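Source file: run-v7.cif; contents: mmCIF, C-alpha atoms.
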data_entry
#
loop_
_atom_site.label_atom_id
_atom_site.label_comp_id
_atom_site.auth_asym_id
_atom_site.auth_seq_id
_atom_site.Cartn_x
_atom_site.Cartn_y
_atom_site.Cartn_z
CA MET M 1 41.43 -110.94 -109.67
CA ARG M 2 44.45 -113.15 -109.18
CA PRO M 3 44.59 -116.17 -106.91
CA ILE M 4 45.81 -115.35 -103.41
CA ALA M 5 49.08 -117.25 -103.69
CA ARG M 6 50.44 -114.81 -106.30
CA ARG M 7 49.71 -111.77 -104.13
CA ARG M 8 50.67 -112.87 -100.65
CA THR M 9 53.96 -110.94 -100.32
CA PHE M 10 52.40 -107.68 -101.47
CA VAL M 11 49.38 -108.27 -99.26
CA ALA M 12 51.55 -108.68 -96.18
CA ALA M 13 53.67 -105.61 -96.93
CA ALA M 14 50.75 -103.34 -97.77
CA LEU M 15 48.62 -104.35 -94.80
CA THR M 16 51.55 -104.07 -92.40
CA ALA M 17 52.19 -100.54 -93.64
CA LEU M 18 48.58 -99.64 -93.01
CA VAL M 19 48.76 -100.91 -89.43
CA PHE M 20 51.73 -98.65 -88.72
CA ALA M 21 49.80 -95.74 -90.25
CA ALA M 22 47.14 -96.28 -87.59
CA ALA M 23 49.62 -95.12 -84.95
CA GLY M 24 49.40 -91.55 -86.27
CA THR M 25 48.71 -88.61 -84.03
CA VAL M 26 45.24 -87.70 -82.79
CA PRO M 27 44.31 -85.43 -79.89
CA ALA M 28 44.93 -87.03 -76.52
CA VAL M 29 41.94 -88.18 -74.51
CA ALA M 30 41.41 -86.15 -71.37
CA ALA M 31 41.50 -87.99 -68.08
CA PRO M 32 38.07 -88.61 -66.55
CA ALA M 33 36.84 -85.90 -64.22
CA ALA M 34 36.30 -86.59 -60.54
CA GLY M 35 32.98 -88.20 -59.71
CA HIS M 36 30.10 -86.51 -57.95
CA GLY M 37 29.94 -88.67 -54.83
CA PRO M 38 30.04 -92.48 -54.59
CA ASP M 39 26.60 -93.29 -55.89
CA GLY M 40 25.98 -91.43 -59.16
CA ASN M 41 22.35 -91.45 -60.32
CA GLY M 42 21.77 -95.12 -59.63
CA GLY M 43 20.69 -94.95 -56.02
CA LYS M 44 22.40 -94.91 -52.66
CA GLY M 45 25.25 -97.01 -51.33
CA ALA M 46 25.33 -100.68 -52.27
CA HIS M 47 21.93 -100.44 -53.95
CA ARG M 48 22.99 -98.20 -56.82
CA THR M 49 22.16 -99.58 -60.27
CA ALA M 50 24.88 -101.04 -62.50
CA TYR M 51 24.37 -100.53 -66.24
CA TYR M 52 25.67 -102.37 -69.30
CA LEU M 53 25.38 -101.03 -72.86
CA ALA M 54 26.36 -103.25 -75.81
CA LEU M 55 27.27 -101.57 -79.11
CA GLY M 56 28.31 -102.90 -82.48
CA ASP M 57 27.27 -105.16 -85.31
CA SER M 58 25.67 -108.62 -85.52
CA LEU M 59 28.03 -110.07 -82.92
CA ALA M 60 26.89 -107.48 -80.39
CA ALA M 61 23.29 -108.18 -81.41
CA GLY M 62 23.77 -111.90 -80.77
CA TYR M 63 22.97 -113.00 -84.32
CA GLN M 64 23.06 -116.71 -85.14
CA SER M 65 21.84 -118.76 -88.06
CA THR M 66 19.74 -121.84 -87.37
CA PRO M 67 20.06 -125.27 -89.02
CA ASP M 68 16.72 -124.84 -90.79
CA GLY M 69 17.98 -121.79 -92.69
CA GLY M 70 16.52 -119.18 -90.37
CA HIS M 71 18.23 -116.94 -87.85
CA LEU M 72 17.77 -115.41 -84.43
CA VAL M 73 19.17 -112.46 -82.52
CA GLY M 74 19.67 -111.87 -78.83
CA ARG M 75 21.78 -114.97 -78.18
CA GLY M 76 25.36 -113.80 -78.17
CA TYR M 77 28.25 -112.58 -76.10
CA ALA M 78 26.44 -109.49 -74.82
CA GLN M 79 23.69 -111.66 -73.35
CA ASP M 80 26.29 -114.02 -71.85
CA LEU M 81 28.14 -111.09 -70.34
CA ALA M 82 24.93 -109.52 -69.04
CA ARG M 83 24.00 -112.76 -67.26
CA THR M 84 27.34 -112.83 -65.48
CA LEU M 85 27.29 -109.14 -64.56
CA GLY M 86 23.66 -109.33 -63.50
CA ALA M 87 24.39 -112.27 -61.22
CA ARG M 88 27.29 -110.38 -59.65
CA ALA M 89 25.10 -107.33 -59.09
CA ALA M 90 22.42 -109.53 -57.50
CA GLN M 91 24.99 -110.92 -55.06
CA GLN M 92 25.64 -107.32 -54.03
CA HIS M 93 21.88 -106.65 -53.76
CA ARG M 94 22.14 -104.13 -56.59
CA PRO M 95 19.80 -103.53 -59.54
CA PHE M 96 21.25 -104.22 -63.00
CA GLU M 97 20.12 -102.93 -66.38
CA PHE M 98 21.25 -104.20 -69.80
CA THR M 99 20.69 -102.40 -73.11
CA ASP M 100 21.77 -103.82 -76.48
CA LEU M 101 21.96 -101.47 -79.47
CA GLY M 102 23.94 -103.88 -81.67
CA CYS M 103 22.68 -103.97 -85.26
CA PRO M 104 23.47 -106.79 -87.74
CA GLY M 105 25.17 -105.50 -90.88
CA GLU M 106 26.53 -102.37 -89.18
CA THR M 107 29.78 -100.90 -90.49
CA THR M 108 31.80 -98.11 -88.92
CA GLY M 109 30.17 -95.79 -91.46
CA THR M 110 26.57 -96.76 -90.77
CA MET M 111 27.21 -96.85 -87.04
CA ALA M 112 28.32 -93.22 -87.16
CA ASN M 113 25.98 -91.90 -89.85
CA GLY M 114 22.93 -94.19 -89.79
CA GLY M 115 21.63 -96.74 -92.25
CA CYS M 116 22.04 -100.10 -90.54
CA PRO M 117 20.40 -102.59 -92.94
CA TYR M 118 18.73 -104.67 -90.21
CA PRO M 119 15.63 -103.57 -88.27
CA HIS M 120 16.79 -101.77 -85.15
CA SER M 121 15.44 -100.07 -82.06
CA PHE M 122 16.88 -96.58 -82.52
CA GLY M 123 16.18 -93.69 -84.84
CA GLY M 124 19.12 -92.04 -86.57
CA SER M 125 22.48 -93.69 -86.01
CA GLN M 126 23.59 -96.16 -83.37
CA LEU M 127 26.30 -93.69 -82.35
CA GLU M 128 23.71 -90.97 -81.74
CA ALA M 129 21.65 -93.35 -79.63
CA ALA M 130 24.73 -94.42 -77.67
CA VAL M 131 25.84 -90.85 -77.02
CA ALA M 132 22.35 -89.96 -75.74
CA TYR M 133 22.43 -93.01 -73.45
CA LEU M 134 25.86 -92.10 -72.09
CA LYS M 135 24.84 -88.52 -71.40
CA ALA M 136 21.76 -89.75 -69.55
CA HIS M 137 23.97 -91.97 -67.36
CA ARG M 138 26.99 -89.72 -66.84
CA LYS M 139 26.96 -90.22 -63.06
CA ASP M 140 26.25 -93.95 -63.12
CA GLU M 141 28.47 -97.00 -63.08
CA LEU M 142 28.28 -98.05 -66.72
CA LEU M 143 30.05 -100.67 -68.82
CA VAL M 144 30.09 -100.21 -72.60
CA THR M 145 31.31 -102.97 -74.93
CA ILE M 146 31.82 -102.40 -78.63
CA ASP M 147 32.68 -104.57 -81.62
CA ILE M 148 32.74 -103.00 -85.07
CA GLY M 149 34.78 -103.28 -88.27
CA ALA M 150 34.16 -106.80 -89.57
CA ASN M 151 31.57 -105.66 -92.12
CA ASP M 152 33.97 -103.04 -93.48
CA VAL M 153 36.30 -105.74 -94.78
CA GLN M 154 34.67 -109.18 -94.87
CA ARG M 155 33.43 -108.78 -98.43
CA CYS M 156 37.07 -108.50 -99.54
CA ALA M 157 37.89 -112.17 -98.86
CA ALA M 158 35.37 -114.24 -100.76
CA GLY M 159 35.24 -116.58 -103.72
CA GLY M 160 38.71 -118.01 -103.15
CA SER M 161 40.58 -114.72 -103.65
CA LEU M 162 41.53 -111.65 -101.65
CA ASP M 163 40.73 -108.26 -103.15
CA LEU M 164 43.66 -106.20 -101.84
CA PRO M 165 42.41 -102.69 -102.78
CA CYS M 166 39.08 -103.52 -101.15
CA ALA M 167 40.87 -104.74 -98.01
CA LEU M 168 43.09 -101.68 -97.75
CA ASN M 169 40.14 -99.37 -98.22
CA GLY M 170 38.08 -101.28 -95.64
CA ILE M 171 40.83 -101.18 -93.03
CA GLU M 172 41.29 -97.46 -93.59
CA GLN M 173 37.55 -97.00 -93.08
CA VAL M 174 37.83 -98.84 -89.77
CA ARG M 175 40.77 -96.69 -88.69
CA THR M 176 38.99 -93.40 -89.31
CA GLY M 177 35.51 -94.59 -88.41
CA LEU M 178 36.44 -96.22 -85.11
CA ASP M 179 38.48 -93.18 -84.16
CA ARG M 180 35.42 -90.98 -84.61
CA ILE M 181 33.12 -93.41 -82.79
CA LEU M 182 35.37 -93.79 -79.75
CA GLY M 183 36.04 -90.07 -79.65
CA GLU M 184 32.34 -89.26 -79.45
CA LEU M 185 31.68 -92.00 -76.91
CA ARG M 186 34.53 -90.77 -74.72
CA ALA M 187 33.29 -87.19 -74.91
CA ALA M 188 29.82 -88.26 -73.76
CA ALA M 189 30.94 -90.71 -71.07
CA GLY M 190 30.93 -89.95 -67.39
CA PRO M 191 33.77 -90.59 -64.93
CA ARG M 192 32.40 -94.01 -63.97
CA THR M 193 31.90 -95.26 -67.53
CA ARG M 194 34.20 -98.07 -68.68
CA ILE M 195 34.48 -98.74 -72.43
CA VAL M 196 35.96 -102.03 -73.69
CA GLY M 197 36.53 -102.91 -77.36
CA MET M 198 37.41 -106.21 -78.99
CA ASN M 199 39.48 -107.53 -81.85
CA LEU M 200 38.06 -110.09 -84.25
CA TYR M 201 38.34 -113.78 -85.07
CA ASP M 202 38.92 -114.88 -88.66
CA PRO M 203 35.98 -116.89 -90.07
CA PHE M 204 37.72 -117.44 -93.42
CA LEU M 205 40.10 -119.91 -91.77
CA ALA M 206 37.33 -122.44 -92.40
CA ALA M 207 38.35 -122.47 -96.07
CA TRP M 208 41.37 -124.57 -95.04
CA VAL M 209 39.38 -127.81 -95.18
CA THR M 210 38.21 -127.25 -98.79
CA GLY M 211 41.51 -128.05 -100.50
CA ASP M 212 44.73 -126.40 -101.62
CA ARG M 213 43.13 -123.17 -102.80
CA GLY M 214 41.22 -123.01 -99.54
CA LYS M 215 44.49 -123.32 -97.62
CA GLU M 216 45.83 -120.34 -99.60
CA LEU M 217 42.74 -118.27 -98.78
CA ALA M 218 42.93 -119.22 -95.10
CA THR M 219 46.60 -118.27 -94.90
CA ALA M 220 46.10 -114.92 -96.64
CA SER M 221 42.98 -114.16 -94.60
CA VAL M 222 45.01 -114.30 -91.39
CA GLN M 223 47.25 -111.53 -92.77
CA LEU M 224 44.12 -109.46 -93.36
CA SER M 225 42.77 -110.31 -89.91
CA ASP M 226 46.04 -109.43 -88.18
CA SER M 227 46.22 -106.09 -89.98
CA LEU M 228 42.62 -105.21 -89.18
CA ASN M 229 43.09 -106.20 -85.55
CA GLY M 230 46.27 -104.15 -85.38
CA VAL M 231 44.33 -101.08 -86.47
CA ILE M 232 41.50 -101.75 -84.00
CA GLU M 233 43.97 -102.20 -81.14
CA ALA M 234 45.92 -99.04 -82.07
CA VAL M 235 42.78 -96.89 -82.20
CA ASP M 236 41.46 -98.42 -78.96
CA ALA M 237 44.75 -97.65 -77.24
CA ARG M 238 44.66 -94.07 -78.48
CA HIS M 239 41.36 -93.61 -76.67
CA ARG M 240 42.46 -95.57 -73.58
CA VAL M 241 40.06 -98.38 -74.39
CA PRO M 242 41.24 -101.91 -73.52
CA THR M 243 40.79 -104.48 -76.28
CA ALA M 244 39.32 -107.89 -75.44
CA ASP M 245 41.61 -110.38 -77.18
CA VAL M 246 39.07 -112.46 -79.07
CA ALA M 247 41.58 -113.24 -81.82
CA GLY M 248 43.93 -114.68 -79.21
CA ALA M 249 41.17 -116.73 -77.61
CA PHE M 250 40.36 -118.19 -81.03
CA ALA M 251 44.11 -118.86 -81.65
CA THR M 252 43.82 -116.99 -84.96
CA ASP M 253 47.55 -117.15 -85.79
CA ALA M 254 48.07 -120.75 -84.62
CA PHE M 255 48.56 -122.91 -87.72
CA THR M 256 50.39 -125.25 -85.36
CA PRO M 257 49.82 -127.54 -83.60
CA THR M 258 47.39 -129.62 -85.58
CA VAL M 259 44.47 -131.24 -83.79
CA PRO M 260 41.92 -133.91 -84.74
CA LEU M 261 38.64 -132.68 -86.19
CA GLY M 262 36.11 -134.69 -88.17
CA GLY M 263 38.50 -137.54 -88.86
CA GLN M 264 41.40 -135.37 -90.06
CA GLN M 265 44.20 -133.27 -88.59
CA VAL M 266 43.74 -129.53 -88.96
CA PRO M 267 45.55 -126.49 -87.54
CA LEU M 268 44.35 -125.33 -84.13
CA ASN M 269 43.04 -122.02 -85.52
CA VAL M 270 40.98 -123.84 -88.15
CA ALA M 271 39.54 -126.22 -85.57
CA ARG M 272 38.46 -123.40 -83.30
CA ILE M 273 36.70 -121.55 -86.10
CA LEU M 274 34.81 -124.68 -87.09
CA GLN M 275 33.97 -125.52 -83.47
CA TRP M 276 33.08 -122.01 -82.24
CA THR M 277 31.31 -120.52 -85.28
CA ASN M 278 28.69 -121.71 -87.76
CA MET M 279 31.11 -121.62 -90.71
CA ALA M 280 30.44 -125.32 -91.32
CA ARG M 281 27.17 -124.09 -92.88
CA GLY M 282 28.65 -120.87 -94.26
CA ASP M 283 27.65 -118.53 -91.42
CA ILE M 284 30.48 -116.36 -90.12
CA HIS M 285 28.79 -115.78 -86.76
CA ALA M 286 29.78 -117.45 -83.53
CA ASN M 287 27.71 -120.26 -82.05
CA ASP M 288 26.82 -120.52 -78.36
CA ALA M 289 30.28 -121.82 -77.45
CA GLY M 290 32.05 -119.12 -79.44
CA TYR M 291 29.94 -116.33 -78.00
CA GLN M 292 30.82 -117.51 -74.50
CA VAL M 293 34.51 -117.39 -75.43
CA ILE M 294 34.02 -113.78 -76.56
CA ALA M 295 32.20 -112.91 -73.33
CA ASP M 296 35.05 -114.42 -71.32
CA ALA M 297 37.55 -112.28 -73.27
CA PHE M 298 35.61 -109.18 -72.24
CA LEU M 299 35.44 -110.34 -68.63
CA ALA M 300 39.23 -110.68 -68.63
CA GLU M 301 39.45 -106.92 -69.29
CA LEU M 302 37.27 -105.95 -66.34
CA PRO M 303 38.78 -105.26 -62.92
CA GLY M 304 38.09 -107.63 -60.07
CA ARG M 305 34.49 -108.66 -59.87
CA HIS M 306 32.92 -105.84 -61.86
CA PRO M 307 30.43 -104.36 -61.10
CA ARG M 308 31.33 -103.38 -57.57
#

Whole structure given in structure tokens:
Amino acid sequence: MRPIARRRTFVAAALTALVFAAAGTVPAVAAPAAGHGPDGNGGKGAHRTAYYLALGDSLAAGYQSTPDGGHLVGRGYAQDLARTLGARAAQQHRPFEFTDLGCPGETTGTMANGGCPYPHSFGGSQLEAAVAYLKAHRKDELLVTIDIGANDVQRCAAGGSLDLPCALNGIEQVRTGLDRILGELRAAAGPRTRIVGMNLYDPFLAAWVTGDRGKELATASVQLSDSLNGVIEAVDARHRVPTADVAGAFATDAFTPTVPLGGQQVPLNVARILQWTNMARGDIHANDAGYQVIADAFLAELPGRHPR
């Protein structure tokens, strides 16, 4: 495997080509059918229940490492978002229910076919569990958030080099896998179900502070991140799913300006990764501050003061 610097031009060209391939034709998504009255299954009038279902990988599960070498789950953006939505529902005197099916280690393949490597609450695949949930709540007001795809490609940027064939294969897996996942979710969803996806931040920007080779890895990793996010956004758009701009919130492409961090000047994107994730101890997951940023990106894609 060659150092990244020798491969950067080919990396950019190949990944850009793959992004454009994601704009290929798939069957159009049918417009939602008319609802069955104003209240769905959640009750009558202003007291109908609002539901929130979180889907995805370790970010959806709220995974974080701890300074003592352990980890916890259930402290992430989905919980932050649920607190906000629950408080809004309470102001409207409405019940609120939150379900999190996120599974650490999930790829698009395991999400669709089963085999998440972390203990989880569902039998079979996460997609099967999600489809069953959506069918059970077809008449309800339901928000679904989904993040998936990071585990398909993250192994390809490690050890100071970028494995281009691995990256191309991983991005193609995300393109086809996410298309299947969103297609099945859309088919199961009711007329009052809102699905919101998200693009991804780039944890490998943290390599910038390790020296010249780290700067090369950080620069090349952004090309990988942009290409992956381009595919996610294209597939989301195909299924009429808005994409929460997490990459934008983390300033992923912003190598300028530089800002002070730990006694040195670093690019803004590097600073945000080190401030909003646990990459300082080698953990790619967001910390409390970063998860709140992700939750806010989802909130920006919701109309008005959802739920209402």

### Distance of atom CA of M:Leu53 from atom CA of M:Asp100, expressed in Å to one decimal place
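Taking atom CA of M:Asp100 as the start and atom CA of M:Leu53 as the end point, the length is 5.8 Å.
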
#### Entry: Which residue of M:Leu134, M:Asp179, M:Thr243, M:Ile146 approaches M:Gly109 most closely, using only C-alpha atoms
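Closest residue, counting only C-alpha atoms: M:Asp179.
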
#### Entry: Within-10 Å shell of (29.8, -121.2, -87.2) in input frame, only C-alpha atoms, as a PyMOL selection string
chain M and resi 64-65+203+206+272-290

### Task
Enumerate, as a list of chain:residue names, the residues matched when the PyMOL selection byres ((chain M and resi 60) around 8) is run on the file above.
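This file, filtered by the PyMOL selection byres ((chain M and resi 60) around 8), leaves M:Ala54, M:Leu55, M:Gly56, M:Asp57, M:Ser58, M:Leu59, M:Ala61, M:Gly62, M:Tyr63, M:Gly76, M:Tyr77, M:Ala78, M:Asp100, M:Leu101, M:Gly102, M:Cys103, M:Ile146, M:Asp147.
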
### Task
Between atom CA of M:Phe255 and atom CA of M:Leu299, measure the distance and give it in Å to one decimal.
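About the pair atom CA of M:Phe255 and atom CA of M:Leu299: they are 26.4 Å apart.
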
### Among listed residues M:Thr84, M:Gln154, M:Gln173, M:Ser225, nearest M:Gly248 (using all atoms listed in the file)
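The closest residue to M:Gly248 is M:Ser225.
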
### Message
Applying the PyMOL selection byres ((chain M and resi 169) around 12) to the file I just gave you, which residues come out? Please list them as a list in words.
### Response
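Against this file, the PyMOL selection byres ((chain M and resi 169) around 12) returns the residues Ala14, Leu15, Leu18, Gly149, Asp152, Val153, Gln154, Arg155, Cys156, Asp163, Leu164, Pro165, Cys166, Ala167, Leu168, Gly170, Ile171, Glu172, Gln173, Val174, Arg175, Thr176, Gly177, Leu224 and Leu228 of chain M.
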
### Query
Got a sec to resolve the PyMOL selection byres ((chain M and resi 308) around 8) on this structure and send the residues as a list in words?
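Written out, the selection comes to Ala89, Gln92, Arg305, His306 and Pro307 of chain M.
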
### Query
With all atoms listed in the file as the basis for distance, which of M:Ala50, M:Val231, M:Ala300, M:Leu127 is at the shortest distance from M:Glu184?
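Among the listed residues, the smallest separation from M:Glu184 belongs to M:Leu127.
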
### Best match for closeness to M:Arg194 among M:Glu97, M:Asp68, M:Asp253, M:Glu141, counting all atoms listed in the file
M:Glu141
